[in-house]
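Pasted below: query-v4.txt, compact mmCIF, C-alpha atoms.
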# COMPACT_ATOMS: atom_id res chain seq x y z
CA MET A 1 49.44 -33.69 -20.45
CA PRO A 2 46.90 -34.89 -23.04
CA TYR A 3 47.66 -34.33 -26.70
CA VAL A 4 45.45 -31.52 -28.05
CA CYS A 5 44.68 -30.93 -31.71
CA ARG A 6 44.03 -27.61 -33.36
CA GLY A 7 40.81 -26.05 -32.16
CA GLY A 8 41.47 -27.11 -28.57
CA MET A 9 39.65 -30.47 -28.70
CA MET A 10 41.35 -33.33 -26.91
CA ALA A 11 42.74 -35.77 -29.48
CA GLY A 12 44.86 -38.09 -27.39
CA LEU A 13 45.32 -39.75 -24.03
CA VAL A 14 45.04 -38.11 -20.63
CA HIS A 15 48.05 -40.23 -19.59
CA PRO A 16 49.99 -40.80 -22.83
CA GLU A 17 53.21 -42.17 -21.29
CA SER A 18 53.01 -43.13 -17.61
CA ILE A 19 51.34 -46.43 -16.81
CA VAL A 20 51.82 -45.60 -13.11
CA MET A 21 49.73 -42.44 -13.46
CA TRP A 22 47.10 -44.29 -15.46
CA ARG A 23 46.76 -47.01 -12.82
CA GLU A 24 46.47 -44.39 -10.12
CA TRP A 25 43.68 -42.71 -12.10
CA ALA A 26 41.91 -46.09 -12.45
CA ARG A 27 42.14 -46.77 -8.73
CA SER A 28 40.98 -43.25 -7.91
CA ALA A 29 38.00 -43.58 -10.26
CA HIS A 30 37.01 -46.79 -8.49
CA ARG A 31 37.28 -45.16 -5.10
CA GLY A 32 34.79 -42.58 -6.33
CA GLN A 33 32.19 -45.29 -6.96
CA ASP A 34 30.29 -47.19 -4.29
CA ARG A 35 31.82 -50.20 -2.55
CA ARG A 36 30.46 -52.96 -4.78
CA ALA A 37 31.21 -51.09 -8.00
CA ALA A 38 34.77 -50.54 -6.77
CA LEU A 39 35.43 -54.26 -7.28
CA VAL A 40 35.01 -53.93 -11.04
CA ASN A 41 38.24 -54.20 -12.99
CA ALA A 42 39.26 -50.80 -14.41
CA ALA A 43 40.30 -52.12 -17.79
CA ARG A 44 37.12 -54.16 -18.32
CA ALA A 45 34.95 -51.18 -17.44
CA LEU A 46 36.82 -49.07 -20.00
CA ARG A 47 37.06 -51.58 -22.81
CA ARG A 48 33.95 -53.73 -22.37
CA PRO A 49 30.82 -52.04 -21.07
CA HIS A 50 29.17 -55.48 -21.02
CA GLY A 51 32.16 -57.24 -19.44
CA THR A 52 32.29 -59.25 -16.25
CA GLU A 53 33.28 -58.17 -12.75
CA GLN A 54 36.82 -58.88 -11.65
CA ASP A 55 39.15 -57.28 -9.14
CA TRP A 56 42.62 -55.98 -9.93
CA SER A 57 44.37 -59.21 -8.91
CA GLU A 58 46.08 -61.38 -11.48
CA PRO A 59 44.66 -64.87 -12.23
CA ALA A 60 46.60 -68.06 -12.71
CA TRP A 61 47.62 -68.71 -16.31
CA ILE A 62 47.91 -71.52 -18.83
CA LEU A 63 50.72 -71.29 -21.40
CA HIS A 64 49.79 -72.79 -24.79
CA SER A 65 52.80 -73.47 -27.06
CA ARG A 66 53.00 -74.32 -30.77
CA ALA A 67 56.06 -74.93 -32.93
CA GLY A 68 56.74 -72.82 -36.00
CA GLU A 69 59.13 -72.51 -38.87
CA GLY A 70 62.62 -71.90 -37.52
CA ASP A 71 63.63 -70.89 -34.00
CA SER A 72 61.86 -67.51 -33.73
CA ARG A 73 59.03 -67.34 -31.19
CA VAL A 74 56.55 -64.74 -29.97
CA LEU A 75 54.45 -64.59 -26.83
CA ILE A 76 50.79 -63.50 -26.92
CA ALA A 77 49.02 -62.48 -23.70
CA LEU A 78 45.22 -62.92 -23.89
CA GLU A 79 43.47 -61.46 -20.86
CA ASP A 80 39.92 -62.71 -21.51
CA GLY A 81 38.03 -64.94 -23.91
CA SER A 82 35.56 -62.42 -25.37
CA GLU A 83 35.24 -61.87 -29.10
CA ARG A 84 37.23 -58.64 -29.47
CA PRO A 85 40.55 -59.68 -27.88
CA ARG A 86 40.33 -63.11 -29.50
CA ALA A 87 39.76 -61.53 -32.91
CA ALA A 88 42.71 -59.18 -32.37
CA LEU A 89 45.18 -61.64 -30.86
CA LEU A 90 44.24 -65.15 -32.02
CA SER A 91 42.66 -64.82 -35.47
CA PHE A 92 46.06 -64.40 -37.13
CA LEU A 93 47.44 -67.70 -35.76
CA PRO A 94 46.56 -69.71 -38.92
CA TYR A 95 48.64 -67.24 -40.96
CA LEU A 96 51.61 -67.04 -38.58
CA ARG A 97 54.83 -68.86 -39.49
CA VAL A 98 56.92 -68.28 -36.37
CA GLY A 99 56.54 -70.33 -33.21
CA VAL A 100 54.04 -68.99 -30.72
CA ASP A 101 53.26 -69.15 -27.01
CA VAL A 102 49.89 -67.89 -25.77
CA ILE A 103 49.14 -67.22 -22.11
CA VAL A 104 45.45 -67.37 -21.18
CA PRO A 105 43.75 -67.04 -17.78
CA ARG A 106 42.94 -70.42 -16.32
CA GLY A 107 39.31 -71.32 -17.08
CA VAL A 108 39.00 -69.09 -20.15
CA ALA A 109 37.85 -70.92 -23.28
CA ALA A 110 39.74 -70.12 -26.50
CA PRO A 111 38.80 -72.58 -29.27
CA GLU A 112 41.66 -71.26 -31.41
CA LEU A 113 44.08 -72.96 -29.00
CA ASP A 114 42.48 -76.41 -29.16
CA GLY A 115 44.05 -79.31 -31.03
CA PRO A 116 47.04 -81.66 -30.89
CA ASN A 117 49.58 -79.05 -32.08
CA TRP A 118 49.43 -77.21 -28.75
CA ARG A 119 51.31 -78.06 -25.55
CA ARG A 120 50.10 -76.67 -22.23
CA ARG A 121 51.70 -75.68 -18.92
CA ALA A 122 50.33 -73.85 -15.88
CA PHE A 123 51.84 -70.69 -14.32
CA GLU A 124 50.81 -68.52 -11.41
CA SER A 125 52.09 -65.31 -12.99
CA ALA A 126 52.02 -63.93 -16.53
CA ARG A 127 55.52 -62.57 -15.91
CA ASP A 128 56.86 -66.03 -15.10
CA ALA A 129 55.14 -67.51 -18.16
CA VAL A 130 57.21 -65.51 -20.68
CA PRO A 131 59.52 -68.16 -22.24
CA THR A 132 63.26 -67.50 -22.31
CA ASP A 133 63.34 -67.91 -26.11
CA ALA A 134 60.59 -65.36 -26.84
CA GLY A 135 61.66 -62.62 -29.24
CA ALA A 136 58.59 -60.40 -28.86
CA VAL A 137 55.49 -60.01 -26.71
CA ILE A 138 52.09 -59.22 -28.21
CA THR A 139 49.10 -57.86 -26.28
CA ALA A 140 46.02 -55.70 -26.73
CA GLY A 141 47.61 -53.06 -24.47
CA GLN A 142 48.50 -52.34 -20.85
CA HIS A 143 44.95 -52.12 -19.50
CA GLY A 144 45.44 -54.96 -16.99
CA PRO A 145 48.21 -56.43 -14.81
CA PRO A 146 49.19 -59.20 -17.28
CA GLY A 147 49.72 -56.78 -20.17
CA ILE A 148 51.78 -54.51 -17.94
CA ALA A 149 53.78 -57.50 -16.66
CA VAL A 150 54.75 -58.98 -20.03
CA HIS A 151 55.72 -55.60 -21.45
CA GLN A 152 57.91 -55.00 -18.40
CA VAL A 153 59.59 -58.34 -19.13
CA ALA A 154 60.04 -57.29 -22.76
CA ARG A 155 61.69 -54.03 -21.73
CA ARG A 156 64.01 -55.75 -19.26
CA ARG A 157 65.07 -58.44 -21.75
CA GLY A 158 65.21 -56.20 -24.80
CA LEU A 159 62.30 -57.94 -26.57
CA ARG A 160 60.02 -56.26 -29.10
CA SER A 161 56.68 -55.00 -27.71
CA ILE A 162 53.77 -55.26 -30.14
CA VAL A 163 50.24 -54.02 -29.39
CA VAL A 164 47.23 -55.00 -31.51
CA GLN A 165 44.23 -52.71 -31.07
CA ALA A 166 41.17 -54.68 -29.95
CA ASP A 167 38.64 -51.98 -29.08
CA THR A 168 37.71 -48.34 -29.57
CA LEU A 169 39.83 -45.73 -27.79
CA THR A 170 38.90 -42.93 -25.40
CA PRO A 171 41.30 -40.42 -23.81
CA TYR A 172 41.32 -42.65 -20.72
CA ALA A 173 42.87 -45.68 -22.43
CA ALA A 174 46.11 -47.01 -20.96
CA PRO A 175 49.30 -45.70 -22.58
CA LEU A 176 51.31 -47.82 -24.99
CA PRO A 177 54.53 -49.53 -23.82
CA GLU A 178 57.83 -47.83 -24.56
CA ASP A 179 59.16 -48.31 -28.11
CA ALA A 180 56.11 -50.37 -29.06
CA LEU A 181 54.90 -51.33 -32.52
CA LEU A 182 51.18 -50.53 -32.70
CA LEU A 183 48.93 -52.35 -35.18
CA ALA A 184 45.93 -50.03 -35.15
CA TRP A 185 42.49 -49.97 -36.71
CA SER A 186 43.19 -46.76 -38.60
CA GLU A 187 45.66 -43.91 -38.99
CA GLU A 188 43.38 -41.76 -36.84
CA ASP A 189 43.40 -44.29 -34.00
CA ALA A 190 47.15 -44.77 -34.31
CA ASP A 191 47.78 -41.03 -34.03
CA PHE A 192 45.30 -40.75 -31.15
CA TRP A 193 46.94 -43.53 -29.14
CA ARG A 194 50.42 -42.17 -29.89
CA SER A 195 49.40 -38.76 -28.43
CA GLY A 196 52.48 -36.99 -29.73
CA ARG A 197 55.05 -39.58 -28.63
CA GLU A 198 58.09 -40.17 -30.84
CA ASP A 199 59.19 -43.60 -29.60
CA LEU A 200 56.42 -45.62 -31.27
CA GLU A 201 56.04 -47.33 -34.64
CA LEU A 202 52.51 -47.18 -36.05
CA LEU A 203 50.88 -49.35 -38.70
CA PRO A 204 47.14 -49.25 -39.50
CA VAL A 205 45.85 -52.73 -40.37
CA GLY A 206 42.09 -52.52 -39.63
CA SER A 207 39.88 -54.31 -37.13
CA GLN A 208 39.60 -58.07 -37.51
CA ARG A 209 36.40 -58.13 -35.46
CA LEU A 210 34.68 -55.57 -37.70
CA TRP A 211 36.08 -57.30 -40.79
CA GLN A 212 34.57 -60.60 -39.65
CA LEU A 213 31.16 -59.06 -38.94
CA GLY A 214 31.13 -57.15 -42.22
CA HIS A 215 32.05 -60.16 -44.32
CA THR A 216 29.55 -62.36 -42.51
CA ALA A 217 26.86 -59.81 -43.40
CA ASP A 218 28.07 -59.74 -47.03
CA GLU A 219 27.93 -63.53 -47.28
CA THR A 220 24.40 -63.55 -45.86
CA ASP A 221 23.33 -60.93 -48.38
CA ARG A 222 24.88 -62.90 -51.23
CA GLY A 223 23.06 -66.01 -50.09
CA ASP A 224 19.79 -64.12 -50.03
CA ASP A 225 20.47 -62.72 -53.50
CA ASP A 226 21.25 -66.18 -54.88
CA ALA A 227 18.01 -67.55 -53.44
CA SER A 228 16.06 -64.67 -54.94
CA ASP A 229 17.61 -65.24 -58.38
CA ALA A 230 16.71 -68.93 -58.26
CA GLY A 231 13.18 -68.11 -57.24
CA ALA A 232 12.88 -65.61 -60.10
CA ASP A 233 13.92 -68.18 -62.65
CA ALA A 234 11.29 -70.58 -61.33
CA ASP A 235 8.41 -68.23 -60.73
CA ALA A 236 8.67 -64.43 -61.06
CA ASP A 237 5.35 -63.82 -59.34
CA ALA A 238 6.30 -65.92 -56.32
CA ASP A 239 9.63 -64.12 -56.15
CA ALA A 240 7.89 -60.75 -56.08
CA ASP A 241 5.70 -61.94 -53.22
CA THR A 242 8.78 -63.12 -51.36
CA ASP A 243 10.47 -59.75 -51.87
CA ARG A 244 7.44 -57.94 -50.47
CA ALA A 245 7.33 -60.25 -47.45
CA SER A 246 11.06 -59.83 -46.91
CA GLN A 247 10.72 -56.07 -47.06
CA ASP A 248 7.86 -56.21 -44.59
CA GLY A 249 10.13 -58.23 -42.27
CA ARG A 250 12.92 -55.68 -42.54
CA ASP A 251 10.46 -52.87 -41.90
CA GLY A 252 9.22 -54.74 -38.85
CA GLU A 253 12.75 -55.09 -37.55
CA SER A 254 13.40 -51.37 -38.04
CA ARG A 255 10.27 -50.67 -36.01
CA THR A 256 11.52 -52.87 -33.13
CA ALA A 257 12.01 -50.82 -29.97
CA PRO A 258 15.63 -49.59 -29.80
CA VAL A 259 17.93 -50.90 -27.10
CA VAL A 260 20.02 -48.47 -25.04
CA LEU A 261 23.32 -49.99 -23.96
CA GLY A 262 24.06 -49.16 -20.33
CA GLN A 263 26.99 -46.84 -19.63
CA LEU A 264 26.53 -46.08 -15.92
CA SER A 265 29.69 -48.02 -15.04
CA ARG A 266 31.97 -46.25 -17.52
CA LEU A 267 34.69 -44.76 -15.35
CA GLU A 268 35.50 -41.96 -17.76
CA LEU A 269 31.89 -40.76 -18.15
CA PRO A 270 30.07 -38.59 -15.60
CA ARG A 271 27.22 -40.71 -14.25
CA SER A 272 24.81 -37.82 -14.80
CA VAL A 273 25.58 -37.77 -18.54
CA ALA A 274 25.06 -41.53 -18.89
CA ALA A 275 21.82 -41.44 -16.87
CA ARG A 276 20.38 -38.47 -18.75
CA ALA A 277 21.17 -39.99 -22.15
CA ALA A 278 19.44 -43.24 -21.20
CA SER A 279 16.46 -41.48 -19.63
CA ASP A 280 15.85 -39.53 -22.82
CA MET A 281 15.37 -42.77 -24.71
CA ILE A 282 13.72 -45.18 -22.26
CA VAL A 283 11.37 -42.97 -20.22
CA GLY A 284 8.53 -42.17 -22.56
CA GLY A 285 10.77 -42.74 -25.61
CA GLY A 286 9.89 -46.39 -26.17
CA ALA A 287 13.45 -47.75 -25.98
CA ARG A 288 14.55 -50.61 -23.74
CA TYR A 289 17.59 -50.52 -21.43
CA LEU A 290 20.30 -53.16 -21.36
CA PRO A 291 22.37 -52.66 -18.17
CA GLY A 292 26.10 -53.10 -18.33
CA ALA A 293 27.22 -56.19 -16.44
CA ALA A 294 29.18 -53.93 -14.09
CA GLU A 295 26.07 -51.94 -13.10
CA THR A 296 25.70 -53.76 -9.79
CA GLY A 297 26.51 -51.01 -7.31
CA ARG A 298 24.00 -49.33 -5.05
CA LEU A 299 23.62 -46.17 -7.12
CA ALA A 300 23.22 -48.09 -10.38
CA ARG A 301 20.58 -50.37 -8.85
CA LEU A 302 18.69 -47.36 -7.49
CA GLN A 303 18.75 -45.80 -10.95
CA HIS A 304 17.44 -49.03 -12.48
CA ARG A 305 14.54 -49.17 -10.01
CA LEU A 306 13.69 -45.53 -10.66
CA TRP A 307 13.50 -46.16 -14.39
CA GLU A 308 11.32 -49.22 -13.88
CA ARG A 309 8.92 -47.25 -11.67
CA ARG A 310 8.67 -44.73 -14.49
CA GLY A 311 7.67 -47.45 -16.95
CA ALA A 312 10.98 -48.31 -18.59
CA GLU A 313 11.73 -51.89 -19.67
CA LEU A 314 15.07 -53.30 -18.49
CA LEU A 315 16.58 -56.33 -20.19
CA ASP A 316 18.72 -59.05 -18.62
CA ALA A 317 22.28 -57.75 -18.22
CA ASP A 318 23.65 -61.03 -19.64
CA THR A 319 21.98 -60.42 -23.01
CA ASP A 320 24.33 -60.10 -25.98
CA PRO A 321 23.14 -56.90 -27.70
CA LEU A 322 24.19 -58.18 -31.12
CA THR A 323 21.64 -61.00 -30.84
CA LEU A 324 18.67 -58.69 -30.29
CA ARG A 325 18.13 -57.70 -33.94
CA ALA A 326 17.08 -54.25 -32.76
CA PRO A 327 18.48 -50.75 -33.28
CA LEU A 328 21.17 -49.94 -30.70
CA VAL A 329 21.81 -46.62 -28.97
CA SER A 330 24.79 -45.80 -26.75
CA ILE A 331 27.50 -43.28 -25.95
CA LEU A 332 30.87 -45.05 -26.15
CA ALA A 333 29.95 -48.64 -27.04
CA THR A 334 31.94 -50.48 -29.70
CA GLU A 335 28.71 -52.38 -30.40
CA VAL A 336 27.60 -49.32 -32.38
CA LEU A 337 30.32 -50.05 -34.95
CA GLU A 338 29.76 -53.82 -34.76
CA THR A 339 26.06 -53.42 -35.46
CA ALA A 340 26.75 -51.04 -38.34
CA ALA A 341 29.30 -53.48 -39.79
CA ARG A 342 26.58 -56.14 -39.91
CA GLY A 343 24.21 -53.76 -41.68
CA GLY A 344 22.07 -52.97 -38.63
CA GLU A 345 20.93 -49.64 -37.21
CA ALA A 346 22.93 -47.98 -34.44
CA TRP A 347 23.58 -44.45 -33.28
CA VAL A 348 24.87 -42.41 -30.35
CA HIS A 349 23.12 -40.04 -27.96
CA ALA A 350 24.50 -38.03 -25.04
CA PRO A 351 23.23 -34.49 -24.40
CA GLY A 352 25.78 -32.50 -22.43
CA ALA A 353 28.61 -34.96 -23.05
CA PRO A 354 32.21 -33.71 -22.74
CA ALA A 355 33.92 -32.49 -25.91
CA TRP A 356 36.11 -35.59 -26.11
CA VAL A 357 33.01 -37.74 -26.57
CA HIS A 358 32.18 -35.80 -29.72
CA GLU A 359 35.77 -36.33 -30.95
CA TYR A 360 35.29 -40.06 -30.31
CA TRP A 361 32.09 -40.09 -32.35
CA HIS A 362 33.77 -38.18 -35.19
CA ARG A 363 36.83 -40.46 -35.26
CA TYR A 364 34.68 -43.57 -35.61
CA GLY A 365 32.02 -42.09 -37.89
CA MET A 366 29.26 -42.63 -35.33
CA ARG A 367 26.01 -40.77 -36.03
CA ARG A 368 23.68 -39.15 -33.57
CA HIS A 369 20.18 -40.39 -32.79
CA GLY A 370 18.04 -40.56 -35.91
CA ALA A 371 20.83 -41.02 -38.47
CA PRO A 372 22.14 -44.61 -38.53
CA THR A 373 25.91 -45.04 -38.30
CA PRO A 374 27.33 -46.21 -41.66
CA ALA A 375 29.23 -49.47 -41.89
CA PRO A 376 32.95 -48.96 -41.22
CA THR A 377 35.24 -48.96 -44.25
CA MET A 378 36.96 -52.32 -44.59
CA PRO A 379 40.59 -52.78 -45.67
CA GLN A 380 41.30 -54.78 -48.81
CA GLU A 381 43.52 -57.24 -46.93
CA GLU A 382 42.09 -59.22 -44.03
CA PRO A 383 43.54 -57.64 -40.85
CA ALA A 384 44.51 -61.06 -39.45
CA ALA A 385 46.62 -61.79 -42.52
CA ALA A 386 48.22 -58.34 -42.36
CA ILE A 387 49.03 -58.75 -38.65
CA ALA A 388 50.65 -62.15 -39.20
CA ARG A 389 52.70 -60.80 -42.11
CA VAL A 390 53.99 -57.89 -40.02
CA ILE A 391 54.90 -60.15 -37.09
CA ASP A 392 56.73 -62.59 -39.34
CA GLU A 393 58.66 -59.68 -40.90
CA VAL A 394 59.56 -58.27 -37.47
CA MET A 395 60.82 -61.68 -36.40
CA GLY A 396 62.77 -62.17 -39.62
CA SER A 397 60.77 -65.17 -40.71
Would you give me this structure, written as structure tokens?
Amino acid sequence: MPYVCRGGMMAGLVHPESIVMWREWARSAHRGQDRRAALVNAARALRRPHGTEQDWSEPAWILHSRAGEGDSRVLIALEDGSERPRAALLSFLPYLRVGVDVIVPRGVAAPELDGPNWRRRAFESARDAVPTDAGAVITAGQHGPPGIAVHQVARRRGLRSIVVQADTLTPYAAPLPEDALLLAWSEEDADFWRSGREDLELLPVGSQRLWQLGHTADETDRGDDDASDAGADADADADADTDRASQDGRDGESRTAPVVLGQLSRLELPRSVAARAASDMIVGGGARYLPGAAETGRLARLQHRLWERRGAELLDADTDPLTLRAPLVSILATEVLETAARGGEAWVHAPGAPAWVHEYWHRYGMRRHGAPTPAPTMPQEEPAAAIARVIDEVMGS
């Protein structure tokens, strides 16, 4: 049963312990969609609304190995090469002292694993790729077959299971492995993912992805400030003109038509809620619609055509929303936090959404349409450094 907080609002997972029950739910949710949409990988649809299509089969893997200080080694399972899992699972490698093996799907680019210090071997199964000298396995969770496989190996061999949070959490996230150490974004997320279980160890370390975006924005602002100071020393009048032009540019950006991030393929959301929320903004509201990459099924394509006939503008599904320099609107998209971390405008909108959606908004500080979401609070220590320190301590390095 899901963990429920006081007041009756769901504050935990629908399936907090059983990965078997969660996988059955994922398969059942797919069967409820049309035939083409049923090919979309359950975990990608939950974690990455702009992810790519993939069935539930496991790809071939490449094992990347690097020596460390001493004999201790850890295994990291990276399921795709997008920014969030790479930030969570690879950004701490420069800080890590123990030896490390990283399994990556064949064909996935991960620049962090380039260079002469890495050795490479091919495997057909993530389970077979777990080295015999591994002392712990590290993943972003059990949302796909590889994560489930390596944590099963860890349980059978008595290895430590470590999970690093890579994305926002809904009640339909996959449960954590037994006796896992969770490195979460916040205490609230840690408690949510735990869902009342007593076998887990929880440590909030922050989000490396949000930390990177926030500090990139800070460095840009400092560069702008330095340029303005130099201009003021040279010519105060010219600097004032530049400030006015810059402000005009920012005002122009704020007036750019908002972009609604598509949520029709979210398995945990009723399609009617996602369609109504988008319609409010793009039909007569002036916003543009960016379809999720998984919105390829018959019903989704019919909805797209209906919106276009009613005058809505649809963007290319391959567009990265963070490159649009426009206000973003969504329901469950992590891009809302990423945009806010960079200093941009983003908010949420979903009339008639289930109560757990409102809990999700509250937990992440997301604001409703018209009130921009504030930038997430950043930890003092870089999350990547904190993660590496914890792993080294666990491994006795």
Name all residues at most 9 Å from A:Ile62 (count all atoms listed in the file; drop same-chain ones fewer than 5 positions away) and give them as a list of chain:residue names.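 After dropping sequence-adjacent residues, the list is A:Val102, A:Ile103, A:Val104, A:Pro105, A:Arg106, A:Gly107, A:Arg120, A:Arg121, A:Ala122, A:Phe123, A:Glu124, A:Ala126, A:Ala129.
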May I ask which of the residues A:Pro321, A:Gly141, A:Gly12, A:Pro291 is the closest one to A:Ala77, counting all atoms listed in the file?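 Closest to A:Ala77 of all the choices is A:Gly141.
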Using all atoms listed in the file: which of A:Thr339, A:Thr170, A:Ser18, A:Ser195 has the shortest distance to A:Leu267: A:Thr170
Need to verify the contact set: A:Ser161, 9 Å, all atoms listed in the file, exclusion of same-chain residues closer than 6 positions in sequence. Can you return it as a ChimeraX atom specification? /A:136-139,150-151,154-155,177-182
Pick from A:Ala29, A:Leu213, A:Leu302, A:Leu314: nearest to A:Tyr289, with only C-alpha atoms counted? A:Leu314
Between atom CA of A:Tyr172 and atom CA of A:His304, what distance in Å does the model show, to one decimal?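 According to the coordinates, atom CA of A:Tyr172 and atom CA of A:His304 are separated by 26.1 Å.
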Residue nearest A:Ile76 among A:Ile391, A:Asp114, A:Arg276, A:Tyr95 (counting only C-alpha atoms):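 Answer, going by the shortest atom-to-atom distance: A:Ile391.
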Point out the residue among A:Ala174, A:Val74, A:Asp316, A:Asp101 with the least atom-to-atom distance to A:Ile162, counting only C-alpha atoms.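 That would be A:Val74, the residue with the smallest distance to A:Ile162.
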Expressed in Å to a single decimal, how great is the separation between atom CA of A:Val273 and atom CA of A:Leu332?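 Computed distance, atom CA of A:Val273 to atom CA of A:Leu332, equals 11.8 Å.
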Can you pull out every residue within 7 Å of stretch 376-387 of chain A, counting all atoms listed in the file, but drop anything in the same chain fewer than 2 positions away, and send it as a CSV table (one decimal) with C-alpha atoms, in the frame of the given file?
chain,number,residue,atom,x,y,z
A,91,SER,CA,42.7,-64.8,-35.5
A,92,PHE,CA,46.1,-64.4,-37.1
A,95,TYR,CA,48.6,-67.2,-41.0
A,205,VAL,CA,45.8,-52.7,-40.4
A,206,GLY,CA,42.1,-52.5,-39.6
A,207,SER,CA,39.9,-54.3,-37.1
A,208,GLN,CA,39.6,-58.1,-37.5
A,211,TRP,CA,36.1,-57.3,-40.8
A,337,LEU,CA,30.3,-50.0,-35.0
A,341,ALA,CA,29.3,-53.5,-39.8
A,374,PRO,CA,27.3,-46.2,-41.7
A,389,ARG,CA,52.7,-60.8,-42.1
A,390,VAL,CA,54.0,-57.9,-40.0
A,391,ILE,CA,54.9,-60.2,-37.1
What's the separation between atom CA of A:Pro131 and atom CA of A:Arg157, in Å to one decimal place?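 Computing the Euclidean distance for atom CA of A:Pro131 and atom CA of A:Arg157 yields 11.2 Å.
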Using all atoms listed in the file, which of A:Ala60, A:Val20, A:Ala190, A:Ala278 sits nearest A:Ala350? A:Ala278
For A:Gln142, list every protein, DNA or RNA residue within 10 Å, evaluated using all atoms listed in the file, and leave out those in the same chain fewer than 5 positions away; present the list as a list of chain:residue names.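 Near A:Gln142, the qualifying residues are A:Ile19, A:Trp22, A:Arg23, A:Ala43, A:Gly147, A:Ile148, A:Ala149, A:Val150, A:His151, A:Val163, A:Ala173, A:Ala174, A:Pro175, A:Leu176, A:Pro177.
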